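K.L.:
For reference, the file upload23.txt (compact mmCIF, C-alpha atoms) is included below:
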```txt
# COMPACT_ATOMS: atom_id res chain seq x y z
CA MET A 1 127.54 -7.69 85.86
CA PRO A 2 128.81 -5.36 83.13
CA ARG A 3 132.53 -4.80 82.86
CA LEU A 4 133.81 -1.43 84.02
CA PRO A 5 135.48 0.55 81.24
CA LEU A 6 139.27 0.67 81.40
CA PRO A 7 140.75 4.07 82.28
CA PRO A 8 142.63 5.81 79.46
CA ALA A 9 146.08 5.00 80.89
CA ALA A 10 145.24 1.29 81.05
CA ARG A 11 143.95 1.34 77.45
CA ILE A 12 147.17 3.01 76.27
CA ALA A 13 149.23 0.42 78.16
CA LEU A 14 147.18 -2.37 76.58
CA THR A 15 147.78 -0.88 73.14
CA ALA A 16 151.53 -0.68 73.77
CA ALA A 17 151.60 -4.30 74.94
CA VAL A 18 149.61 -5.56 71.95
CA ALA A 19 151.81 -3.58 69.55
CA ALA A 20 155.00 -4.86 71.17
CA LEU A 21 153.81 -8.46 70.87
CA GLY A 22 152.99 -7.85 67.20
CA THR A 23 156.46 -6.44 66.60
CA LEU A 24 158.11 -9.43 68.29
CA ALA A 25 155.96 -11.87 66.31
CA PHE A 26 156.79 -10.25 62.95
CA HIS A 27 160.47 -10.08 63.85
CA ALA A 28 160.56 -13.74 64.93
CA ALA A 29 158.88 -14.73 61.66
CA SER A 30 161.42 -12.64 59.67
CA LEU A 31 158.58 -10.67 58.06
CA PRO A 32 159.33 -7.30 56.43
CA LEU A 33 159.11 -4.05 58.39
CA PRO A 34 158.26 -5.65 61.76
CA PHE A 35 158.17 -2.29 63.56
CA LEU A 36 155.50 -1.02 61.16
CA PHE A 37 153.47 -4.08 60.22
CA GLY A 38 153.71 -5.87 63.57
CA PRO A 39 151.97 -3.09 65.56
CA MET A 40 149.60 -2.33 62.68
CA PHE A 41 148.18 -5.83 62.29
CA ALA A 42 148.27 -6.65 66.02
CA CYS A 43 146.29 -3.48 66.84
CA LEU A 44 143.96 -4.01 63.88
CA LEU A 45 143.05 -7.56 64.88
CA SER A 46 142.72 -6.57 68.54
CA ALA A 47 140.43 -3.69 67.60
CA LEU A 48 138.25 -5.93 65.44
CA VAL A 49 137.78 -8.44 68.29
CA GLY A 50 136.74 -5.65 70.62
CA LEU A 51 139.78 -4.89 72.78
CA PRO A 52 139.56 -1.33 74.16
CA LEU A 53 142.70 0.06 72.59
CA ARG A 54 143.59 3.73 72.63
CA GLY A 55 146.05 5.74 70.59
CA PHE A 56 149.06 7.50 72.05
CA GLY A 57 147.82 11.02 71.33
CA GLN A 58 150.54 13.65 71.13
CA VAL A 59 153.25 10.99 71.43
CA SER A 60 152.14 9.62 68.05
CA VAL A 61 152.13 13.11 66.59
CA ALA A 62 155.66 13.62 67.92
CA GLY A 63 156.69 10.41 66.19
CA ARG A 64 155.73 11.91 62.85
CA THR A 65 158.18 14.78 63.43
CA ILE A 66 160.99 12.22 63.10
CA LEU A 67 159.94 11.53 59.53
CA GLY A 68 159.72 15.25 58.85
CA VAL A 69 163.31 15.58 59.98
CA ALA A 70 164.30 12.58 57.84
CA VAL A 71 162.79 14.16 54.75
CA GLY A 72 164.29 17.57 55.51
CA ALA A 73 167.74 16.05 55.94
CA SER A 74 167.40 14.58 52.45
CA ILE A 75 166.87 18.01 50.90
CA THR A 76 170.34 19.02 49.81
CA PRO A 77 171.66 21.47 47.21
CA ALA A 78 171.97 18.53 44.82
CA VAL A 79 168.26 17.73 45.24
CA LEU A 80 167.26 21.36 44.64
CA ALA A 81 169.37 21.42 41.49
CA ARG A 82 167.28 18.50 40.19
CA LEU A 83 163.90 20.19 40.64
CA PRO A 84 163.71 21.31 36.99
CA GLU A 85 164.14 17.66 35.99
CA MET A 86 161.08 16.79 38.09
CA ALA A 87 158.89 19.55 36.67
CA VAL A 88 157.16 17.48 33.99
CA SER A 89 156.52 14.62 36.39
CA ILE A 90 155.21 16.96 39.10
CA ALA A 91 152.95 18.61 36.50
CA LEU A 92 151.13 15.27 36.22
CA VAL A 93 150.07 15.43 39.89
CA PRO A 94 147.15 17.90 39.43
CA VAL A 95 145.94 15.85 36.46
CA PHE A 96 146.14 12.74 38.63
CA ILE A 97 144.08 14.41 41.37
CA ALA A 98 141.48 15.64 38.89
CA VAL A 99 141.03 12.14 37.47
CA ILE A 100 140.77 10.71 41.00
CA GLY A 101 138.01 13.19 41.80
CA ALA A 102 136.17 12.56 38.54
CA VAL A 103 136.18 8.81 39.18
CA GLY A 104 136.07 8.69 42.97
CA VAL A 105 133.17 11.02 43.75
CA PRO A 106 130.66 9.17 41.53
CA PHE A 107 132.06 5.88 42.89
CA PHE A 108 131.16 6.79 46.48
CA ARG A 109 128.00 8.72 45.54
CA ARG A 110 126.33 6.34 43.10
CA VAL A 111 127.82 2.94 43.89
CA TRP A 112 127.88 3.19 47.69
CA GLY A 113 125.16 5.79 48.26
CA PHE A 114 127.08 8.32 50.36
CA ASP A 115 125.93 11.93 50.46
CA GLY A 116 127.77 14.42 48.28
CA ALA A 117 130.05 15.91 50.94
CA THR A 118 131.10 12.52 52.26
CA ALA A 119 131.65 11.21 48.72
CA TYR A 120 133.92 14.12 47.80
CA TYR A 121 136.11 13.99 50.90
CA ALA A 122 136.25 10.21 50.83
CA ALA A 123 137.52 10.31 47.25
CA MET A 124 140.26 12.88 47.82
CA PRO A 125 143.65 11.30 48.67
CA GLY A 126 144.63 13.78 51.34
CA GLY A 127 145.63 13.38 54.97
CA LEU A 128 143.17 11.43 57.09
CA GLN A 129 142.71 14.10 59.74
CA ASP A 130 142.46 16.91 57.20
CA MET A 131 139.83 15.17 55.10
CA VAL A 132 137.75 14.33 58.18
CA ILE A 133 137.90 17.92 59.45
CA PHE A 134 136.99 19.44 56.07
CA GLY A 135 134.33 16.79 55.58
CA ILE A 136 132.68 17.62 58.90
CA GLU A 137 132.66 21.34 58.03
CA ALA A 138 130.99 20.48 54.72
CA GLY A 139 128.34 18.35 56.44
CA GLY A 140 129.89 14.94 55.73
CA ASP A 141 129.85 11.79 57.87
CA ALA A 142 132.92 12.00 60.14
CA ARG A 143 132.96 8.32 61.18
CA ALA A 144 132.56 7.09 57.59
CA LEU A 145 135.35 9.39 56.38
CA SER A 146 137.66 8.25 59.16
CA LEU A 147 137.09 4.56 58.39
CA ILE A 148 137.34 4.99 54.61
CA HIS A 149 140.66 6.84 54.80
CA ALA A 150 142.04 4.52 57.49
CA THR A 151 141.15 1.59 55.24
CA ARG A 152 142.81 3.29 52.25
CA VAL A 153 146.04 3.78 54.18
CA LEU A 154 145.90 0.27 55.68
CA PHE A 155 145.50 -1.46 52.32
CA ILE A 156 148.02 0.69 50.46
CA VAL A 157 150.65 0.30 53.19
CA THR A 158 150.04 -3.45 53.13
CA LEU A 159 150.04 -3.89 49.36
CA ALA A 160 152.85 -1.48 48.45
CA PRO A 161 155.68 -3.60 49.92
CA ILE A 162 154.33 -6.69 48.15
CA LEU A 163 154.33 -4.86 44.82
CA LEU A 164 157.75 -3.35 45.47
CA THR A 165 159.26 -6.78 46.08
CA GLN A 166 157.37 -8.72 43.42
CA LEU A 167 157.26 -6.21 40.56
CA TYR A 168 160.37 -4.15 41.14
CA GLY A 169 162.64 -6.61 42.95
CA SER A 170 163.17 -4.32 45.92
CA SER A 171 164.45 -6.08 49.03
CA LEU A 172 163.15 -3.36 51.38
CA SER A 173 166.43 -3.76 53.24
CA ASN A 174 167.95 -0.34 52.66
CA PRO A 175 169.47 0.97 55.92
CA ILE A 176 167.01 3.33 57.56
CA GLY A 177 169.77 5.23 59.29
CA VAL A 178 172.91 4.83 61.33
CA PRO A 179 172.76 3.99 65.06
CA ALA A 180 172.54 6.91 67.46
CA SER A 181 175.98 5.99 68.80
CA ASP A 182 177.49 6.82 65.39
CA LEU A 183 176.01 10.31 65.11
CA PRO A 184 177.47 13.45 66.67
CA LEU A 185 175.53 14.57 69.74
CA ALA A 186 175.45 18.15 68.46
CA GLU A 187 173.83 17.07 65.20
CA MET A 188 171.21 14.96 66.99
CA ALA A 189 170.47 17.93 69.26
CA LEU A 190 169.91 20.07 66.17
CA MET A 191 167.54 17.42 64.80
CA ALA A 192 165.56 17.37 68.05
CA ALA A 193 165.36 21.16 68.08
CA ALA A 194 164.27 21.22 64.43
CA ALA A 195 161.55 18.66 65.18
CA TRP A 196 160.17 20.61 68.13
CA ILE A 197 160.46 24.10 66.65
CA GLY A 198 159.09 23.01 63.29
CA TRP A 199 156.16 21.16 64.83
CA LYS A 200 155.07 23.76 67.39
CA GLY A 201 155.96 26.71 65.20
CA GLY A 202 154.00 25.18 62.34
CA GLU A 203 150.97 24.69 64.57
CA ARG A 204 151.18 28.28 65.78
CA ILE A 205 151.02 29.69 62.23
CA GLY A 206 148.32 27.20 61.17
CA LEU A 207 150.54 25.13 58.85
CA PHE A 208 148.66 22.03 57.66
CA GLY A 209 150.49 18.80 58.45
CA ALA A 210 152.60 20.78 60.94
CA SER A 211 154.04 17.68 62.61
CA ILE A 212 155.76 16.62 59.36
CA LEU A 213 156.03 19.74 57.23
CA GLY A 214 157.25 22.03 60.01
CA PRO A 215 160.23 19.84 60.99
CA MET A 216 160.89 19.17 57.32
CA ILE A 217 161.19 22.88 56.52
CA VAL A 218 163.43 23.65 59.51
CA THR A 219 165.65 20.61 58.92
CA ALA A 220 165.90 21.37 55.20
CA ALA A 221 167.24 24.83 56.08
CA LEU A 222 169.82 23.22 58.38
CA SER A 223 170.73 20.67 55.72
CA LEU A 224 171.15 23.31 53.02
CA SER A 225 173.29 25.30 55.45
CA GLY A 226 175.59 22.33 55.97
CA LEU A 227 174.72 21.89 59.66
CA ILE A 228 172.99 18.50 59.28
CA HIS A 229 174.46 15.70 57.18
CA ALA A 230 172.43 12.60 58.10
CA ARG A 231 168.93 11.35 58.74
CA PRO A 232 167.74 10.78 62.33
CA PRO A 233 169.22 7.69 64.01
CA ALA A 234 167.83 4.28 63.14
CA GLU A 235 166.30 3.90 66.60
CA ALA A 236 164.21 7.05 66.11
CA ILE A 237 162.91 5.96 62.70
CA LEU A 238 161.98 2.54 64.11
CA ALA A 239 160.06 4.30 66.90
CA ALA A 240 158.24 6.37 64.28
CA GLN A 241 157.30 3.20 62.39
CA PHE A 242 155.97 1.66 65.62
CA LEU A 243 153.77 4.66 66.38
CA ILE A 244 152.47 4.88 62.80
CA GLY A 245 151.57 1.18 62.83
CA CYS A 246 149.67 1.55 66.09
CA GLY A 247 147.87 4.64 64.79
CA ILE A 248 146.55 2.84 61.71
CA GLY A 249 145.33 -0.15 63.72
CA VAL A 250 143.52 1.74 66.50
CA HIS A 251 141.42 3.65 63.96
CA PHE A 252 139.28 0.52 63.76
CA VAL A 253 138.43 0.42 67.48
CA GLY A 254 134.67 0.18 67.95
CA VAL A 255 133.92 -0.64 64.30
CA THR A 256 130.50 -2.27 63.88
CA MET A 257 129.37 -4.93 61.42
CA ARG A 258 127.37 -2.27 59.58
CA GLU A 259 130.47 -0.11 59.24
CA LEU A 260 132.52 -3.09 58.09
CA GLY A 261 129.91 -3.87 55.45
CA ARG A 262 129.68 -0.33 54.12
CA ASP A 263 132.41 2.11 55.16
CA VAL A 264 135.34 -0.30 55.37
CA ALA A 265 134.17 -2.25 52.31
CA ALA A 266 133.82 0.99 50.33
CA GLY A 267 137.33 2.04 51.36
CA ALA A 268 138.75 -1.35 50.37
CA ALA A 269 137.00 -1.30 47.01
CA TYR A 270 138.22 2.24 46.38
CA VAL A 271 141.80 1.08 46.87
CA VAL A 272 141.36 -1.05 43.73
CA VAL A 273 140.24 2.05 41.81
CA LEU A 274 143.12 4.12 43.16
CA ALA A 275 145.61 1.37 42.42
CA ALA A 276 144.50 1.23 38.79
CA LEU A 277 144.78 5.01 38.40
CA ALA A 278 148.15 5.16 40.15
CA ALA A 279 149.47 2.29 38.01
CA ALA A 280 148.43 4.12 34.85
CA VAL A 281 150.14 7.36 35.87
CA SER A 282 153.33 5.70 37.14
CA SER A 283 153.49 3.67 33.90
CA LEU A 284 153.21 6.91 31.92
CA VAL A 285 156.04 8.39 33.99
CA ARG A 286 158.18 5.35 33.26
CA TRP A 287 157.26 5.42 29.54
CA LEU A 288 158.30 9.07 29.36
CA ASP A 289 161.54 8.10 31.14
CA LEU A 290 160.92 10.66 33.88
CA ALA A 291 161.84 8.37 36.80
CA GLU A 292 162.91 4.89 37.79
CA GLY A 293 160.22 2.30 38.46
CA VAL A 294 160.37 2.29 42.27
CA ASP A 295 160.49 6.09 42.42
CA ALA A 296 157.50 6.51 40.08
CA PHE A 297 155.51 3.85 41.96
CA LEU A 298 156.06 5.45 45.37
CA ALA A 299 155.61 9.02 44.10
CA PHE A 300 152.09 8.31 42.84
CA ALA A 301 150.99 5.71 45.41
CA PRO A 302 148.04 7.46 47.12
CA GLY A 303 149.03 6.54 50.67
CA GLY A 304 149.76 8.73 53.64
CA GLN A 305 152.82 10.94 53.49
CA ALA A 306 154.34 9.43 56.65
CA GLU A 307 153.84 5.85 55.46
CA MET A 308 155.22 6.54 52.00
CA THR A 309 158.27 8.20 53.57
CA VAL A 310 159.00 5.03 55.54
CA LEU A 311 158.64 2.86 52.43
CA ALA A 312 160.79 5.20 50.35
CA ILE A 313 163.56 4.97 52.94
CA VAL A 314 163.56 1.16 53.24
CA ALA A 315 163.21 0.72 49.47
CA GLY A 316 166.20 2.95 48.81
CA ALA A 317 164.09 5.20 46.60
CA ASP A 318 164.94 8.76 45.60
CA LEU A 319 163.42 10.37 48.70
CA GLY A 320 163.56 13.88 47.27
CA TYR A 321 161.65 12.85 44.15
CA VAL A 322 159.02 10.85 46.07
CA ILE A 323 158.36 13.51 48.68
CA ALA A 324 158.22 16.34 46.11
CA HIS A 325 155.29 14.58 44.45
CA HIS A 326 153.50 13.75 47.69
CA LEU A 327 153.89 17.31 48.94
CA THR A 328 152.42 18.60 45.70
CA ARG A 329 149.47 16.20 46.02
CA ILE A 330 148.82 17.09 49.66
CA VAL A 331 149.10 20.84 49.05
CA LEU A 332 146.68 20.70 46.11
CA VAL A 333 144.15 18.54 47.96
CA ILE A 334 144.32 20.55 51.20
CA THR A 335 144.13 23.97 49.55
CA GLY A 336 141.44 22.84 47.12
CA ALA A 337 139.19 21.27 49.76
CA PRO A 338 137.95 24.53 51.37
CA VAL A 339 137.36 26.00 47.90
CA VAL A 340 135.17 23.07 46.93
CA ALA A 341 133.37 23.24 50.28
CA GLY A 342 132.59 26.92 49.67
CA ILE A 343 131.28 26.19 46.18
CA ARG A 344 129.07 23.43 47.57
CA ARG A 345 127.67 25.71 50.26
CA ARG A 346 126.86 28.45 47.75
CA ALA A 347 125.27 25.94 45.42
CA GLY A 348 123.02 24.69 48.24
CA PRO A 349 122.17 21.12 49.23
CA ARG A 350 121.98 18.56 46.42
CA ASP A 351 121.22 15.44 48.45
```
Since I need it in another form, could you write the structure as structure tokens?

P.N.:
Amino acid sequence: MPRLPLPPAARIALTAAVAALGTLAFHAASLPLPFLFGPMFACLLSALVGLPLRGFGQVSVAGRTILGVAVGASITPAVLARLPEMAVSIALVPVFIAVIGAVGVPFFRRVWGFDGATAYYAAMPGGLQDMVIFGIEAGGDARALSLIHATRVLFIVTLAPILLTQLYGSSLSNPIGVPASDLPLAEMALMAAAAWIGWKGGERIGLFGASILGPMIVTAALSLSGLIHARPPAEAILAAQFLIGCGIGVHFVGVTMRELGRDVAAGAAYVVVLAALAAAVSSLVRWLDLAEGVDAFLAFAPGGQAEMTVLAIVAGADLGYVIAHHLTRIVLVITGAPVVAGIRRRAGPRD
């Protein structure tokens, strides 16, 4: 007799339980970032063995607003005064993206045999949801794009801490924030309001990445006005890590052997290509003495903005420098994607 499918609420509860067990296991083993990696690997393994996990929907999106507030709180007058110092380094970002496209599109098109639209949007290091949406509009394979980008984020988030500790000597033990009990209630209320207003206001005006960029913009205004002086409490940032870890893992629910052998394998292989390109650019930045090693590494690591924010915080990196580069990358990729899609449509099918 076939098993009845679990209702959505039961699948969400199962996901929460699996993620909590993963967090406890990583914490007990004294592994780094247990609230991020514990849920991520527990949900990943559970998804691969066929457990019917389900993401947390809008709760996960709300978790990303915490990181938007954390970034916004780090934007101070002192950071703005340093923007001219970052100009040369930021100017390398469009060159970096152009090289990624020149290498990545043929990689997916000729090596792995994807159609042109899928190859382009798989190669671009933008947000997962954005690249899938634009890819669908351009006629690409939505499932392949989702798995390729989820694999990219999974591998980069996994490898980055190893490289930070082994190559740069980072302990990844920088305090993520002070406890909620040590922050003024009025300031935490302002943070919560900034998160909500930035998120929903950003969605209303069509701001891409509204859940992070909206709260970041509102909180930055409060920070520059002297109304906010700290990042969100440690408990909130840990909750954001937990939700991000779950979100990465559940992307692999329902993956088939065929998809593992093509889409996931292509995404994993592409990480090697991206890593080589990112290493070259970050080495150039270091050679030009534009940034410290950890800052340059995280600024050009082609991971997700939320995940790189978490790593920048725990590594004690210059958060303003790192986020300025990731924002530039995301803005260029997101704004350029519809332009490329329009050019492709006018040019007609090539596959």

K.L.:
Residues near Ala117 in chain A, anyone? I mean within 7 Å using all atoms listed in the file, not counting same-chain ones fewer than 5 positions away, as a VMD selection string.

P.N.:
chain A and resid 135 138 to 140

K.L.:
Write out as a ChimeraX atom specification each polymer residue whose atoms come within 12 Å of range 270-276 of chain A, counting only C-alpha atoms; drop sequence neighbours fewer than 2 positions from it.

P.N.:
/A:96-97,99-108,111-112,119,122-125,148-160,163,262-268,278-283,297-298,300-303

K.L.:
Can you work out which one of A:Val250, A:Ile90, A:Val331, A:Ala13 has the shortest atom-to-atom distance to Cys43 in chain A, counting all atoms listed in the file?

P.N.:
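So, comparing all the options, the nearest one is A:Val250.
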
K.L.:
Quick one, how far is CA of Val95 in chain A from CA of Arg286 in chain A?

P.N.:
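Pair CA of Val95 in chain A / CA of Arg286 in chain A returns 16.4 Å.
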
K.L.:
Between A:Gly206, A:Arg329, A:Val310, A:Ala16, which residue has the minimum interatomic distance to Gly249 in chain A, considering all atoms listed in the file?

P.N.:
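Checking each candidate against Gly249 in chain A, we get A:Ala16 as the closest.
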